[in-house]
Structure formats: structure tokens, C-alpha cells
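S.K.: Below is the file target30.pdb, with PDB, C-alpha atoms.
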ATOM      1  CA  MET A   1     -38.085  11.482   6.297
ATOM      2  CA  GLU A   2     -36.766  13.094   3.140
ATOM      3  CA  LYS A   3     -35.175  15.881   5.183
ATOM      4  CA  PHE A   4     -33.364  13.328   7.361
ATOM      5  CA  ALA A   5     -32.231  11.363   4.293
ATOM      6  CA  GLY A   6     -30.426  14.428   2.952
ATOM      7  CA  TYR A   7     -28.571  14.862   6.265
ATOM      8  CA  GLY A   8     -28.318  11.356   7.714
ATOM      9  CA  PHE A   9     -26.713   9.821   4.652
ATOM     10  CA  ASN A  10     -23.885  12.379   4.616
ATOM     11  CA  LYS A  11     -23.361  12.153   8.376
ATOM     12  CA  SER A  12     -23.033   8.351   8.354
ATOM     13  CA  HIS A  13     -20.540   8.475   5.499
ATOM     14  CA  SER A  14     -18.460  11.157   7.167
ATOM     15  CA  ALA A  15     -18.354   9.056  10.349
ATOM     16  CA  ALA A  16     -17.186   6.023   8.367
ATOM     17  CA  TYR A  17     -14.490   8.061   6.600
ATOM     18  CA  ALA A  18     -13.359   9.517   9.930
ATOM     19  CA  LEU A  19     -12.960   6.022  11.378
ATOM     20  CA  LEU A  20     -11.096   4.833   8.283
ATOM     21  CA  SER A  21      -8.797   7.877   8.418
ATOM     22  CA  TYR A  22      -8.047   7.264  12.087
ATOM     23  CA  GLN A  23      -7.237   3.583  11.493
ATOM     24  CA  THR A  24      -5.036   4.440   8.502
ATOM     25  CA  ALA A  25      -3.111   7.080  10.464
ATOM     26  CA  TRP A  26      -2.641   4.642  13.367
ATOM     27  CA  LEU A  27      -1.232   1.956  11.068
ATOM     28  CA  LYS A  28       1.086   4.448   9.371
ATOM     29  CA  ALA A  29       2.365   5.699  12.750
ATOM     30  CA  HIS A  30       2.843   2.296  14.420
ATOM     31  CA  TYR A  31       3.772   0.045  11.464
ATOM     32  CA  PRO A  32       5.323   2.404   8.884
ATOM     33  CA  ALA A  33       7.233  -0.205   6.839
ATOM     34  CA  ALA A  34       4.273  -2.571   6.546
ATOM     35  CA  PHE A  35       1.910   0.297   5.793
ATOM     36  CA  MET A  36       4.074   1.757   3.033
ATOM     37  CA  ALA A  37       4.793  -1.693   1.544
ATOM     38  CA  ALA A  38       1.042  -2.295   1.310
ATOM     39  CA  VAL A  39       0.344   1.142  -0.183
ATOM     40  CA  LEU A  40       3.171   0.775  -2.700
ATOM     41  CA  SER A  41       1.919  -2.698  -3.654
ATOM     42  CA  SER A  42      -1.622  -1.436  -4.173
ATOM     43  CA  ASP A  43      -0.401   1.270  -6.593
ATOM     44  CA  MET A  44       2.562  -0.581  -8.105
ATOM     45  CA  ASP A  45       1.318  -0.254 -11.693
ATOM     46  CA  LYS A  46       1.130   3.556 -11.463
ATOM     47  CA  THR A  47       4.729   4.700 -11.870
ATOM     48  CA  ASP A  48       4.168   8.352 -10.974
ATOM     49  CA  LYS A  49       2.282   7.350  -7.814
ATOM     50  CA  VAL A  50       5.117   4.973  -6.819
ATOM     51  CA  VAL A  51       7.615   7.841  -7.204
ATOM     52  CA  THR A  52       5.517  10.024  -4.879
ATOM     53  CA  LEU A  53       5.211   7.190  -2.353
ATOM     54  CA  MET A  54       8.970   6.546  -2.508
ATOM     55  CA  ASP A  55       9.516  10.200  -1.585
ATOM     56  CA  GLU A  56       7.159   9.638   1.343
ATOM     57  CA  CYS A  57       9.288   6.652   2.414
ATOM     58  CA  VAL A  58      12.367   8.878   2.432
ATOM     59  CA  SER A  59      10.582  11.505   4.531
ATOM     60  CA  MET A  60       9.518   8.741   6.962
ATOM     61  CA  GLN A  61      13.162   7.583   7.171
ATOM     62  CA  LEU A  62      12.380   4.180   5.673
ATOM     63  CA  THR A  63      15.106   2.426   3.688
ATOM     64  CA  VAL A  64      13.981   1.060   0.333
ATOM     65  CA  HIS A  65      16.297  -1.722  -0.813
ATOM     66  CA  PRO A  66      16.666  -2.411  -4.548
ATOM     67  CA  PRO A  67      15.207  -5.553  -6.109
ATOM     68  CA  ASP A  68      17.080  -8.723  -5.210
ATOM     69  CA  VAL A  69      16.646 -11.940  -7.156
ATOM     70  CA  ASN A  70      16.825 -13.952  -3.915
ATOM     71  CA  GLU A  71      14.784 -11.703  -1.626
ATOM     72  CA  SER A  72      12.217  -9.785  -3.692
ATOM     73  CA  GLN A  73       8.667 -10.921  -4.265
ATOM     74  CA  TYR A  74       6.043  -9.898  -6.804
ATOM     75  CA  ALA A  75       4.861  -7.063  -4.533
ATOM     76  CA  PHE A  76       6.779  -4.771  -2.188
ATOM     77  CA  LYS A  77       7.920  -6.563   0.966
ATOM     78  CA  VAL A  78       8.829  -5.542   4.510
ATOM     79  CA  ALA A  79      12.548  -6.220   4.924
ATOM     80  CA  GLY A  80      12.915  -5.000   8.501
ATOM     81  CA  PRO A  81      11.392  -2.634  11.049
ATOM     82  CA  ALA A  82      12.344   0.413   8.965
ATOM     83  CA  SER A  83      13.021  -1.028   5.524
ATOM     84  CA  ILE A  84      11.169  -2.204   2.430
ATOM     85  CA  ARG A  85      12.393  -4.464  -0.384
ATOM     86  CA  PHE A  86      11.513  -3.183  -3.861
ATOM     87  CA  ARG A  87       9.315  -5.537  -5.814
ATOM     88  CA  ALA A  88      10.601  -7.820  -8.537
ATOM     89  CA  GLY A  89       7.264  -8.259 -10.338
ATOM     90  CA  ARG A  90       8.063  -5.592 -12.882
ATOM     91  CA  HIS A  91      10.955  -7.474 -14.435
ATOM     92  CA  GLN A  92      10.197  -9.214 -17.691
ATOM     93  CA  GLY A  93       9.519 -12.922 -17.461
ATOM     94  CA  ARG A  94       8.613 -12.771 -13.804
ATOM     95  CA  GLY A  95       4.910 -12.565 -13.154
ATOM     96  CA  ARG A  96       2.424 -13.593 -10.542
ATOM     97  CA  ILE A  97       1.998 -17.374 -10.441
ATOM     98  CA  GLY A  98      -1.401 -18.861  -9.678
ATOM     99  CA  ARG A  99      -2.101 -22.045  -7.720
ATOM    100  CA  ALA A 100      -1.980 -24.261 -10.782
ATOM    101  CA  GLY A 101       1.401 -22.818 -11.799
ATOM    102  CA  HIS A 102      -0.015 -20.695 -14.639
ATOM    103  CA  ARG A 103       0.895 -17.067 -15.058
ATOM    104  CA  ARG A 104      -1.993 -14.648 -14.554
TER     105      ARG A 104
END
Written as C-alpha cells, that's how I'd like the structure from this file.

M.R.:
Amino acid sequence: MEKFAGYGFNKSHSAAYALLSYQTAWLKAHYPAAFMAAVLSSDMDKTDKVVTLMDECVSMQLTVHPPDVNESQYAFKVAGPASIRFRAGRHQGRGRIGRAGHRR
């Protein structure tokens, strides 16, 4: 049993990572704007990571629109089939609002 534990644990994890990688690649290929908006939103507090992801958007031929006071949201937003609206959450005085209306 110990011999199997050393092999079986790694094999099950590699299968799970393979499935996750496949699903991620499928989403990136079929829904590039939504995928990149979600990835940018998940790393939006890491400036150097956002710069790298913005370069990826350019290589994927996605248009990234600047922040707009009327259109932008706290996180990055899909603005069209091949475009993303830059987030407005970074601007001072504009934060995420909870259900009770209090800033988090």
C-alpha cells in the first residue's frame, strides 16, 4: 500500500492538473476577452503581473479600453467580443461596496 501511495497520489494530481489545463486552454481559445478579464481581475493588485497580462492581451489582438467613469467597474470588464474595459477600482475614493453600502 505504501508503494502505491507514493505513485497513486502523484498520478491523481497530475490527472487533475491536466484536466484543469485543458479547461483553461479551451476557455482562453473560445472566450478570450472573458478569460483575460477574469485573469486580470484575479491579479489586479499585482502591477507587474497586470503589465505582463496586458502584453498577452495585445498578442491575442484584444483591445483594452482605458477606464471610463460611466462604463468601468471595480474589476476588469468584457466590453465586446474582442475588447476589455480597464478597471476603475484603483482610483482613489472608489472602492468595492458591500451589500450594506459600506466600503470593504

S.K.: List the neighbours of region 32-49 of chain A out to 9 Å using only C-alpha atoms; skip same-chain residues closer than 2 positions along the sequence, and give me the result as JSON, numbers by chain.

M.R.: {"A": [24, 27, 28, 29, 30, 51, 52, 53, 54, 56, 57, 60, 62, 63, 74, 75, 76, 77, 78, 79, 80, 81, 82, 83, 84, 85, 86, 87, 90]}

S.K.: What is the distance, in Å and to one decimal place, between CA of Gln61 (chain A) and CA of Tyr17 (chain A)?

M.R.: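 Separation of CA of Gln61 (chain A) and CA of Tyr17 (chain A): 27.7 Å.
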
S.K.: To one decimal place in Å, what is the distance between CA of Glu71 (chain A) and CA of Asp55 (chain A)?

M.R.: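 CA of Glu71 (chain A) sits 22.5 Å away from CA of Asp55 (chain A).
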
S.K.: Separation of CA of Asn10 (chain A) and CA of Trp26 (chain A), in Å?

M.R.: 24.2 Å

S.K.: Between A:Tyr22, A:His13, A:Val50, A:Ala88, which is the closest to Asp68 (chain A) once you count only C-alpha atoms?

M.R.: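 Checking each candidate against Asp68 (chain A), we get A:Ala88 as the closest.
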